[in-house]
Every structure is written in structure tokens, then in C-alpha cells.
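The file my_file29.txt contains compact mmCIF, N, CA and C atoms:
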```txt
# COMPACT_ATOMS: atom_id res chain seq x y z
N MET A 1 0.83 -1.18 0.00
CA MET A 1 0.00 0.00 0.00
C MET A 1 0.88 1.25 0.00
N ARG A 2 0.53 2.20 -0.82
CA ARG A 2 1.30 3.44 -0.94
C ARG A 2 0.61 4.57 -0.19
N VAL A 3 1.40 5.28 0.60
CA VAL A 3 0.92 6.39 1.42
C VAL A 3 1.69 7.64 1.06
N LEU A 4 0.95 8.75 0.92
CA LEU A 4 1.59 10.05 0.81
C LEU A 4 1.38 10.77 2.14
N LEU A 5 2.46 11.05 2.83
CA LEU A 5 2.44 11.77 4.09
C LEU A 5 2.83 13.21 3.80
N VAL A 6 1.92 14.15 4.09
CA VAL A 6 2.18 15.56 3.87
C VAL A 6 2.21 16.23 5.24
N GLU A 7 3.42 16.48 5.71
CA GLU A 7 3.62 17.00 7.08
C GLU A 7 4.90 17.82 7.08
N ASP A 8 4.81 19.07 7.54
CA ASP A 8 5.99 19.94 7.53
C ASP A 8 6.80 19.87 8.82
N ASN A 9 6.30 19.22 9.83
CA ASN A 9 7.01 19.09 11.10
C ASN A 9 7.88 17.83 11.05
N GLU A 10 9.18 18.03 10.86
CA GLU A 10 10.11 16.91 10.72
C GLU A 10 10.13 16.02 11.96
N ARG A 11 10.00 16.62 13.15
CA ARG A 11 10.04 15.85 14.40
C ARG A 11 8.86 14.88 14.51
N LEU A 12 7.76 15.20 13.86
CA LEU A 12 6.62 14.29 13.81
C LEU A 12 6.71 13.36 12.61
N ALA A 13 7.07 13.90 11.47
CA ALA A 13 7.01 13.15 10.22
C ALA A 13 8.01 11.99 10.16
N LYS A 14 9.24 12.22 10.59
CA LYS A 14 10.26 11.16 10.48
C LYS A 14 9.88 9.90 11.26
N PRO A 15 9.54 10.02 12.56
CA PRO A 15 9.15 8.80 13.28
C PRO A 15 7.83 8.21 12.78
N PHE A 16 6.91 9.07 12.35
CA PHE A 16 5.64 8.59 11.83
C PHE A 16 5.86 7.79 10.55
N LYS A 17 6.73 8.28 9.69
CA LYS A 17 7.07 7.57 8.45
C LYS A 17 7.67 6.20 8.78
N LYS A 18 8.58 6.16 9.74
CA LYS A 18 9.20 4.89 10.13
C LYS A 18 8.16 3.91 10.68
N LEU A 19 7.24 4.40 11.49
CA LEU A 19 6.19 3.53 12.02
C LEU A 19 5.31 2.98 10.91
N LEU A 20 4.94 3.82 9.95
CA LEU A 20 4.13 3.35 8.83
C LEU A 20 4.89 2.31 8.01
N GLU A 21 6.18 2.54 7.80
CA GLU A 21 6.98 1.58 7.06
C GLU A 21 7.11 0.26 7.82
N SER A 22 7.14 0.33 9.15
CA SER A 22 7.20 -0.90 9.94
C SER A 22 5.91 -1.71 9.83
N GLU A 23 4.84 -1.05 9.37
CA GLU A 23 3.56 -1.71 9.14
C GLU A 23 3.40 -2.10 7.66
N SER A 24 4.51 -2.06 6.92
CA SER A 24 4.59 -2.47 5.51
C SER A 24 3.95 -1.50 4.52
N TYR A 25 3.81 -0.25 4.91
CA TYR A 25 3.36 0.77 3.96
C TYR A 25 4.58 1.36 3.26
N ALA A 26 4.44 1.65 1.98
CA ALA A 26 5.46 2.39 1.23
C ALA A 26 5.07 3.86 1.36
N VAL A 27 5.95 4.67 1.93
CA VAL A 27 5.60 6.04 2.29
C VAL A 27 6.47 7.05 1.54
N ASP A 28 5.80 7.99 0.87
CA ASP A 28 6.46 9.17 0.33
C ASP A 28 6.10 10.32 1.26
N TRP A 29 7.09 11.10 1.63
CA TRP A 29 6.88 12.21 2.56
C TRP A 29 7.20 13.52 1.86
N ARG A 30 6.27 14.47 1.94
CA ARG A 30 6.47 15.81 1.39
C ARG A 30 6.13 16.83 2.47
N THR A 31 6.79 17.99 2.40
CA THR A 31 6.61 19.00 3.45
C THR A 31 5.78 20.19 3.02
N THR A 32 5.44 20.30 1.74
CA THR A 32 4.62 21.42 1.28
C THR A 32 3.44 20.92 0.46
N GLY A 33 2.42 21.75 0.42
CA GLY A 33 1.25 21.42 -0.39
C GLY A 33 1.57 21.37 -1.86
N GLU A 34 2.43 22.26 -2.32
CA GLU A 34 2.81 22.30 -3.73
C GLU A 34 3.53 21.01 -4.14
N GLU A 35 4.48 20.57 -3.32
CA GLU A 35 5.20 19.33 -3.63
C GLU A 35 4.24 18.15 -3.67
N ALA A 36 3.35 18.10 -2.69
CA ALA A 36 2.40 16.99 -2.62
C ALA A 36 1.46 17.00 -3.83
N TYR A 37 0.98 18.17 -4.20
CA TYR A 37 0.07 18.29 -5.34
C TYR A 37 0.74 17.79 -6.61
N ASN A 38 1.98 18.21 -6.84
CA ASN A 38 2.69 17.77 -8.05
C ASN A 38 2.89 16.26 -8.07
N LEU A 39 3.06 15.66 -6.91
CA LEU A 39 3.24 14.21 -6.84
C LEU A 39 1.91 13.49 -7.09
N VAL A 40 0.84 13.99 -6.49
CA VAL A 40 -0.48 13.35 -6.61
C VAL A 40 -0.97 13.34 -8.06
N LEU A 41 -0.57 14.34 -8.82
CA LEU A 41 -1.01 14.39 -10.22
C LEU A 41 -0.46 13.24 -11.06
N PHE A 42 0.71 12.71 -10.65
CA PHE A 42 1.38 11.72 -11.50
C PHE A 42 1.60 10.36 -10.84
N GLU A 43 1.34 10.25 -9.56
CA GLU A 43 1.55 9.00 -8.83
C GLU A 43 0.23 8.51 -8.24
N HIS A 44 0.12 7.20 -8.07
CA HIS A 44 -1.06 6.63 -7.42
C HIS A 44 -0.74 6.34 -5.95
N TYR A 45 -1.63 6.77 -5.08
CA TYR A 45 -1.53 6.48 -3.65
C TYR A 45 -2.81 5.83 -3.19
N ASP A 46 -2.69 4.96 -2.19
CA ASP A 46 -3.87 4.35 -1.59
C ASP A 46 -4.52 5.26 -0.57
N ILE A 47 -3.73 6.17 0.01
CA ILE A 47 -4.25 7.12 0.98
C ILE A 47 -3.28 8.30 1.10
N ILE A 48 -3.83 9.46 1.44
CA ILE A 48 -3.04 10.66 1.70
C ILE A 48 -3.26 11.05 3.15
N LEU A 49 -2.18 11.18 3.90
CA LEU A 49 -2.23 11.66 5.28
C LEU A 49 -1.80 13.12 5.23
N LEU A 50 -2.70 14.01 5.58
CA LEU A 50 -2.52 15.42 5.28
C LEU A 50 -2.61 16.32 6.50
N ASP A 51 -1.50 17.00 6.79
CA ASP A 51 -1.52 18.06 7.79
C ASP A 51 -2.18 19.28 7.15
N LEU A 52 -2.87 20.08 7.94
CA LEU A 52 -3.55 21.25 7.38
C LEU A 52 -2.69 22.51 7.45
N ALA A 53 -1.83 22.60 8.46
CA ALA A 53 -1.02 23.81 8.65
C ALA A 53 0.29 23.69 7.89
N LEU A 54 0.24 23.96 6.60
CA LEU A 54 1.42 23.89 5.74
C LEU A 54 1.73 25.29 5.22
N ALA A 55 3.00 25.56 5.00
CA ALA A 55 3.40 26.83 4.39
C ALA A 55 2.98 26.82 2.92
N GLY A 56 2.68 27.98 2.39
CA GLY A 56 2.26 28.06 0.99
C GLY A 56 0.84 27.54 0.86
N MET A 57 0.67 26.52 0.02
CA MET A 57 -0.65 25.91 -0.14
C MET A 57 -0.95 25.10 1.11
N ASP A 58 -1.95 25.51 1.89
CA ASP A 58 -2.27 24.79 3.11
C ASP A 58 -3.04 23.51 2.79
N GLY A 59 -3.26 22.69 3.80
CA GLY A 59 -3.87 21.39 3.60
C GLY A 59 -5.30 21.43 3.09
N THR A 60 -6.09 22.39 3.56
CA THR A 60 -7.47 22.46 3.06
C THR A 60 -7.50 22.86 1.59
N THR A 61 -6.63 23.76 1.20
CA THR A 61 -6.54 24.15 -0.21
C THR A 61 -6.06 22.97 -1.05
N LEU A 62 -5.09 22.24 -0.54
CA LEU A 62 -4.59 21.06 -1.25
C LEU A 62 -5.70 20.03 -1.44
N ALA A 63 -6.44 19.74 -0.37
CA ALA A 63 -7.53 18.76 -0.47
C ALA A 63 -8.57 19.21 -1.50
N LYS A 64 -8.94 20.47 -1.44
CA LYS A 64 -9.93 21.01 -2.39
C LYS A 64 -9.41 20.90 -3.82
N THR A 65 -8.15 21.24 -4.03
CA THR A 65 -7.56 21.19 -5.36
C THR A 65 -7.47 19.76 -5.88
N ILE A 66 -7.11 18.83 -5.01
CA ILE A 66 -7.07 17.41 -5.39
C ILE A 66 -8.44 16.95 -5.84
N ARG A 67 -9.46 17.31 -5.10
CA ARG A 67 -10.82 16.90 -5.45
C ARG A 67 -11.29 17.57 -6.74
N GLU A 68 -10.89 18.80 -6.99
CA GLU A 68 -11.24 19.47 -8.24
C GLU A 68 -10.63 18.77 -9.45
N GLU A 69 -9.51 18.09 -9.23
CA GLU A 69 -8.85 17.31 -10.29
C GLU A 69 -9.49 15.93 -10.45
N LYS A 70 -10.55 15.67 -9.68
CA LYS A 70 -11.28 14.39 -9.73
C LYS A 70 -10.44 13.21 -9.23
N ILE A 71 -9.47 13.50 -8.37
CA ILE A 71 -8.66 12.46 -7.74
C ILE A 71 -9.42 12.00 -6.51
N THR A 72 -9.69 10.70 -6.42
CA THR A 72 -10.56 10.18 -5.37
C THR A 72 -9.81 9.46 -4.25
N THR A 73 -8.50 9.55 -4.24
CA THR A 73 -7.70 8.93 -3.18
C THR A 73 -8.21 9.39 -1.82
N PRO A 74 -8.43 8.47 -0.88
CA PRO A 74 -8.88 8.89 0.45
C PRO A 74 -7.88 9.84 1.12
N ILE A 75 -8.41 10.87 1.77
CA ILE A 75 -7.59 11.84 2.48
C ILE A 75 -7.94 11.80 3.95
N LEU A 76 -6.94 11.49 4.77
CA LEU A 76 -7.08 11.51 6.23
C LEU A 76 -6.35 12.73 6.73
N MET A 77 -7.10 13.69 7.25
CA MET A 77 -6.51 14.93 7.73
C MET A 77 -6.02 14.75 9.16
N LEU A 78 -4.76 15.13 9.40
CA LEU A 78 -4.14 15.05 10.72
C LEU A 78 -3.70 16.45 11.09
N THR A 79 -4.33 17.03 12.11
CA THR A 79 -4.10 18.44 12.37
C THR A 79 -4.30 18.81 13.83
N ALA A 80 -3.72 19.93 14.22
CA ALA A 80 -3.93 20.45 15.57
C ALA A 80 -5.21 21.28 15.65
N ARG A 81 -5.79 21.59 14.51
CA ARG A 81 -7.03 22.38 14.47
C ARG A 81 -8.20 21.47 14.86
N GLY A 82 -8.72 21.70 16.07
CA GLY A 82 -9.69 20.75 16.59
C GLY A 82 -11.10 21.25 16.80
N SER A 83 -11.39 22.47 16.39
CA SER A 83 -12.75 22.97 16.61
C SER A 83 -13.73 22.25 15.69
N VAL A 84 -14.97 22.26 16.06
CA VAL A 84 -16.01 21.64 15.23
C VAL A 84 -16.02 22.30 13.86
N GLU A 85 -15.88 23.62 13.81
CA GLU A 85 -15.88 24.34 12.55
C GLU A 85 -14.73 23.89 11.65
N ASP A 86 -13.55 23.71 12.25
CA ASP A 86 -12.39 23.24 11.47
C ASP A 86 -12.63 21.85 10.91
N ARG A 87 -13.17 20.97 11.72
CA ARG A 87 -13.43 19.60 11.27
C ARG A 87 -14.44 19.60 10.12
N ILE A 88 -15.51 20.36 10.27
CA ILE A 88 -16.53 20.44 9.22
C ILE A 88 -15.92 20.98 7.93
N LYS A 89 -15.15 22.07 8.05
CA LYS A 89 -14.52 22.66 6.87
C LYS A 89 -13.60 21.67 6.18
N GLY A 90 -12.78 20.96 6.96
CA GLY A 90 -11.86 19.97 6.38
C GLY A 90 -12.59 18.87 5.64
N LEU A 91 -13.65 18.38 6.21
CA LEU A 91 -14.43 17.32 5.57
C LEU A 91 -15.17 17.84 4.34
N ASP A 92 -15.72 19.04 4.44
CA ASP A 92 -16.44 19.62 3.30
C ASP A 92 -15.53 19.94 2.13
N LEU A 93 -14.26 20.22 2.39
CA LEU A 93 -13.33 20.57 1.31
C LEU A 93 -12.62 19.36 0.72
N GLY A 94 -12.98 18.16 1.14
CA GLY A 94 -12.42 16.99 0.48
C GLY A 94 -11.83 15.93 1.38
N GLY A 95 -11.73 16.19 2.67
CA GLY A 95 -11.22 15.16 3.58
C GLY A 95 -12.22 14.04 3.76
N ASP A 96 -11.73 12.83 3.90
CA ASP A 96 -12.60 11.67 4.16
C ASP A 96 -12.68 11.35 5.64
N ASP A 97 -11.69 11.79 6.40
CA ASP A 97 -11.68 11.61 7.85
C ASP A 97 -10.75 12.68 8.42
N TYR A 98 -10.85 12.88 9.73
CA TYR A 98 -10.17 14.01 10.37
C TYR A 98 -9.77 13.59 11.77
N ILE A 99 -8.47 13.67 12.08
CA ILE A 99 -7.98 13.33 13.42
C ILE A 99 -7.21 14.52 13.96
N VAL A 100 -7.49 14.86 15.22
CA VAL A 100 -6.83 15.99 15.86
C VAL A 100 -5.57 15.50 16.57
N LYS A 101 -4.46 16.26 16.39
CA LYS A 101 -3.20 15.99 17.08
C LYS A 101 -3.31 16.46 18.52
N PRO A 102 -2.67 15.82 19.45
CA PRO A 102 -1.90 14.58 19.29
C PRO A 102 -2.85 13.41 19.10
N PHE A 103 -2.41 12.41 18.38
CA PHE A 103 -3.24 11.26 18.07
C PHE A 103 -2.53 9.98 18.49
N ASP A 104 -3.30 8.92 18.58
CA ASP A 104 -2.76 7.60 18.87
C ASP A 104 -2.46 6.91 17.54
N PHE A 105 -1.26 6.42 17.38
CA PHE A 105 -0.84 5.80 16.13
C PHE A 105 -1.76 4.64 15.74
N ASN A 106 -2.19 3.84 16.70
CA ASN A 106 -3.07 2.71 16.39
C ASN A 106 -4.42 3.16 15.86
N GLU A 107 -4.91 4.29 16.35
CA GLU A 107 -6.15 4.84 15.83
C GLU A 107 -5.97 5.29 14.38
N VAL A 108 -4.84 5.93 14.09
CA VAL A 108 -4.57 6.35 12.71
C VAL A 108 -4.54 5.12 11.80
N LEU A 109 -3.85 4.06 12.22
CA LEU A 109 -3.81 2.84 11.41
C LEU A 109 -5.21 2.28 11.17
N ALA A 110 -6.03 2.25 12.20
CA ALA A 110 -7.39 1.73 12.07
C ALA A 110 -8.21 2.57 11.08
N ARG A 111 -8.07 3.87 11.19
CA ARG A 111 -8.80 4.75 10.27
C ARG A 111 -8.28 4.62 8.86
N MET A 112 -6.98 4.43 8.70
CA MET A 112 -6.41 4.20 7.38
C MET A 112 -7.00 2.92 6.78
N ARG A 113 -7.03 1.86 7.56
CA ARG A 113 -7.59 0.60 7.06
C ARG A 113 -9.04 0.77 6.64
N ALA A 114 -9.80 1.52 7.42
CA ALA A 114 -11.22 1.74 7.10
C ALA A 114 -11.38 2.52 5.80
N LEU A 115 -10.51 3.50 5.57
CA LEU A 115 -10.61 4.31 4.36
C LEU A 115 -10.11 3.59 3.11
N ILE A 116 -9.08 2.78 3.31
CA ILE A 116 -8.51 2.05 2.15
C ILE A 116 -9.43 0.91 1.76
```
How does the structure come out when it is put into C-alpha cells?
Amino acid sequence: MRVLLVEDNERLAKPFKKLLESESYAVDWRTTGEEAYNLVLFEHYDIILLDLALAGMDGTTLAKTIREEKITTPILMLTARGSVEDRIKGLDLGGDDYIVKPFDFNEVLARMRALI
């Protein structure tokens, strides 16, 4: 299974990537929305793990843009933005699920399995 991890916080992304790889996922990691968008246009992923607070193109804009391109890859939003309004906005703009940081890794895996 191929995963695109879009996270600009290296201290979170590096160990998270290793944990996903230990679960036999092939993980590509990008730190900006622009880099992730360019990859999604030409590569197939089984799921996108998307932080919302990104420099440049933020995660909600990226999700919306991906959906406008008719790309249906499941998007699991992982973010510190936890208000009800933020969750609704994230889901309405193209997210398939939404988890607030800090999160439990096993819960993320379970939600990934459900979406894939």
C-alpha cells in the first residue's frame, strides 16, 4: 500500500514515516502542499495523510484542489485544528476523515484501514 504523508514538522514526520513503514506501507513524505500536489497528479496512492497547517498551499486548499482534479484517493486529515468548525470545513473541502493531534498511532492505522 502506498501512502503520501504531507507533514511539515520533521520531528513528527520522520518517526511517523518509520512507524508506517514498519507496518509495511510504502511512504512518500512531502513537506509542502505544492510538492504533494505535483506528486499526486502523476503518482497513485492508496491514501493521503494530510496536515492542514502547511506553508504556501495549506492542507485544506490542497484537499480542495485534489478533489477538483477528480482524484478520489482517500484523504485523512491530521491536524492540531480541533474545533467543530475546522473539522466540518476539512471534511467539506475533500477530507474523508479528520484526526486531531496529538493522536494515537493505532487509531490512525485503524482509520487508514477503514478508508482504504
Could you work out how far atom N of Leu39 in chain A lies from CA of Arg111 in chain A, giving the answer in Å with one decimal? 23.6 Å
Selected residue, from A:Pro15, A:Gly82, A:Gly94, A:Pro74, that lies nearest to Asp46 in chain A when counting all atoms listed in the file: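 Closest candidate: A:Pro74.
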Could you tell me which of A:Leu93, A:Leu4, A:Ala63, A:Ile48 comes closest to Ala26 in chain A if we count only C-alpha atoms?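 Of A:Leu93, A:Leu4, A:Ala63, A:Ile48, the one nearest Ala26 in chain A is A:Leu4, counting only C-alpha atoms.
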Pull the helix (DSSP H, G or I) assignments for range 43-84 of chain A out of DSSP run on the backbone, and list those residues as a PDB file with N, CA and C atoms, in the frame of the given file.
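Below is the file that was written, out-v7.pdb:
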```pdb
ATOM      1  N   GLY A  59      -3.260  22.690   3.800  1.00  0.00           N
ATOM      2  CA  GLY A  59      -3.870  21.390   3.600  1.00  0.00           C
ATOM      3  C   GLY A  59      -5.300  21.430   3.090  1.00  0.00           C
ATOM      4  N   THR A  60      -6.090  22.390   3.560  1.00  0.00           N
ATOM      5  CA  THR A  60      -7.470  22.460   3.060  1.00  0.00           C
ATOM      6  C   THR A  60      -7.500  22.860   1.590  1.00  0.00           C
ATOM      7  N   THR A  61      -6.630  23.760   1.200  1.00  0.00           N
ATOM      8  CA  THR A  61      -6.540  24.150  -0.210  1.00  0.00           C
ATOM      9  C   THR A  61      -6.060  22.970  -1.050  1.00  0.00           C
ATOM     10  N   LEU A  62      -5.090  22.240  -0.540  1.00  0.00           N
ATOM     11  CA  LEU A  62      -4.590  21.060  -1.250  1.00  0.00           C
ATOM     12  C   LEU A  62      -5.700  20.030  -1.440  1.00  0.00           C
ATOM     13  N   ALA A  63      -6.440  19.740  -0.370  1.00  0.00           N
ATOM     14  CA  ALA A  63      -7.530  18.760  -0.470  1.00  0.00           C
ATOM     15  C   ALA A  63      -8.570  19.210  -1.500  1.00  0.00           C
ATOM     16  N   LYS A  64      -8.940  20.470  -1.440  1.00  0.00           N
ATOM     17  CA  LYS A  64      -9.930  21.010  -2.390  1.00  0.00           C
ATOM     18  C   LYS A  64      -9.410  20.900  -3.820  1.00  0.00           C
ATOM     19  N   THR A  65      -8.150  21.240  -4.030  1.00  0.00           N
ATOM     20  CA  THR A  65      -7.560  21.190  -5.360  1.00  0.00           C
ATOM     21  C   THR A  65      -7.470  19.760  -5.880  1.00  0.00           C
ATOM     22  N   ILE A  66      -7.110  18.830  -5.010  1.00  0.00           N
ATOM     23  CA  ILE A  66      -7.070  17.410  -5.390  1.00  0.00           C
ATOM     24  C   ILE A  66      -8.440  16.950  -5.840  1.00  0.00           C
ATOM     25  N   ARG A  67      -9.460  17.310  -5.100  1.00  0.00           N
ATOM     26  CA  ARG A  67     -10.820  16.900  -5.450  1.00  0.00           C
ATOM     27  C   ARG A  67     -11.290  17.570  -6.740  1.00  0.00           C
ATOM     28  N   GLU A  68     -10.890  18.800  -6.990  1.00  0.00           N
ATOM     29  CA  GLU A  68     -11.240  19.470  -8.240  1.00  0.00           C
ATOM     30  C   GLU A  68     -10.630  18.770  -9.450  1.00  0.00           C
ATOM     31  N   VAL A  84     -14.970  22.260  16.060  1.00  0.00           N
ATOM     32  CA  VAL A  84     -16.010  21.640  15.230  1.00  0.00           C
ATOM     33  C   VAL A  84     -16.020  22.300  13.860  1.00  0.00           C
TER      34      VAL A  84
END
```
Distance criterion (only N, CA and C atoms): nearest to Asp97 in chain A out of A:Ala13, A:Thr32, A:Val40, A:Leu78: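 For Asp97 in chain A, the nearest of the given residues is A:Leu78.
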Need the shell around Leu52 in chain A: protein/DNA/RNA residues with any atom at most 5 Å away, counting all atoms listed in the file. Skip same-chain ones fewer than 3 positions apart. Format as a PyMOL selection string? chain A and resi 58-60+78-79
What would the file look like if the residues just selected were written as a compact mmCIF listing (two decimals), keeping the file's coordinate frame with N, CA and C atoms?
```txt
# COMPACT_ATOMS: atom_id res chain seq x y z
N ASP A 58 -1.95 25.51 1.89
CA ASP A 58 -2.27 24.79 3.11
C ASP A 58 -3.04 23.51 2.79
N GLY A 59 -3.26 22.69 3.80
CA GLY A 59 -3.87 21.39 3.60
C GLY A 59 -5.30 21.43 3.09
N THR A 60 -6.09 22.39 3.56
CA THR A 60 -7.47 22.46 3.06
C THR A 60 -7.50 22.86 1.59
N LEU A 78 -4.76 15.13 9.40
CA LEU A 78 -4.14 15.05 10.72
C LEU A 78 -3.70 16.45 11.09
N THR A 79 -4.33 17.03 12.11
CA THR A 79 -4.10 18.44 12.37
C THR A 79 -4.30 18.81 13.83
```
Can you measure CA of Phe42 in chain A to CA of Lys70 in chain A for me? One decimal in Å is fine.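 Computing the Euclidean distance for CA of Phe42 in chain A and CA of Lys70 in chain A yields 13.1 Å.
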Nearest to Leu54 in chain A by atom-to-atom distance, counting all atoms listed in the file, from A:Glu10, A:Ile116, A:Gly33, A:Glu85: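 Nearest to Leu54 in chain A: A:Gly33.
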Identify the residues within 8 Å of coordinate (5.0, 18.2, 9.3) (same frame as the file), considering only N, CA and C atoms, and give the answer as a CSV table (one decimal) with N, CA and C atoms, in the coordinates of the input.
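The new file part.csv reads:
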```
chain,number,residue,atom,x,y,z
A,5,LEU,N,2.5,11.0,2.8
A,5,LEU,CA,2.4,11.8,4.1
A,5,LEU,C,2.8,13.2,3.8
A,6,VAL,N,1.9,14.2,4.1
A,6,VAL,CA,2.2,15.6,3.9
A,6,VAL,C,2.2,16.2,5.2
A,7,GLU,N,3.4,16.5,5.7
A,7,GLU,CA,3.6,17.0,7.1
A,7,GLU,C,4.9,17.8,7.1
A,8,ASP,N,4.8,19.1,7.5
A,8,ASP,CA,6.0,19.9,7.5
A,8,ASP,C,6.8,19.9,8.8
A,9,ASN,N,6.3,19.2,9.8
A,9,ASN,CA,7.0,19.1,11.1
A,9,ASN,C,7.9,17.8,11.0
A,10,GLU,N,9.2,18.0,10.9
A,10,GLU,CA,10.1,16.9,10.7
A,10,GLU,C,10.1,16.0,12.0
A,11,ARG,N,10.0,16.6,13.2
A,11,ARG,CA,10.0,15.8,14.4
A,11,ARG,C,8.9,14.9,14.5
A,12,LEU,N,7.8,15.2,13.9
A,12,LEU,CA,6.6,14.3,13.8
A,12,LEU,C,6.7,13.4,12.6
A,13,ALA,N,7.1,13.9,11.5
A,13,ALA,CA,7.0,13.2,10.2
A,13,ALA,C,8.0,12.0,10.2
A,14,LYS,N,9.2,12.2,10.6
A,14,LYS,CA,10.3,11.2,10.5
A,14,LYS,C,9.9,9.9,11.3
A,30,ARG,N,6.3,14.5,1.9
A,30,ARG,CA,6.5,15.8,1.4
A,30,ARG,C,6.1,16.8,2.5
A,31,THR,N,6.8,18.0,2.4
A,31,THR,CA,6.6,19.0,3.4
A,31,THR,C,5.8,20.2,3.0
A,32,THR,N,5.4,20.3,1.7
A,32,THR,CA,4.6,21.4,1.3
A,32,THR,C,3.4,20.9,0.5
A,51,ASP,N,-1.5,17.0,6.8
A,51,ASP,CA,-1.5,18.1,7.8
A,51,ASP,C,-2.2,19.3,7.2
A,53,ALA,N,-1.8,22.6,8.5
A,53,ALA,CA,-1.0,23.8,8.6
A,53,ALA,C,0.3,23.7,7.9
A,54,LEU,N,0.2,24.0,6.6
A,54,LEU,CA,1.4,23.9,5.7
A,54,LEU,C,1.7,25.3,5.2
```
Coordinates-based distance that separates atom C of Glu68 in chain A from atom C of Lys101 in chain A (Å, one decimal):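 Pair atom C of Lys101 in chain A / atom C of Glu68 in chain A returns 29.0 Å.
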Could you write out, as a list in words, all the residues of chain A that DSSP marks as strand (DSSP E)?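 Those residues are Arg2, Val3, Leu4, Leu5, Val6, Ala26, Val27, Asp28, Trp29, Arg30, Ile47, Ile48, Leu49, Leu50, Ile75, Leu76, Met77, Leu78, Thr79, Asp97, Tyr98, Ile99 and Val100 of chain A.
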Using all atoms listed in the file, pick whichever of A:Arg2, A:Arg81, A:Arg67, A:Lys18 has the shortest atom-to-atom distance to His44 in chain A. A:Arg2
Give me the residues near Glu34 in chain A as a PyMOL selection string, where near means some atom within 6.5 Å (using all atoms listed in the file) and where sequence neighbours in that chain fewer than 4 positions away do not count. chain A and resi 38-39+56-57
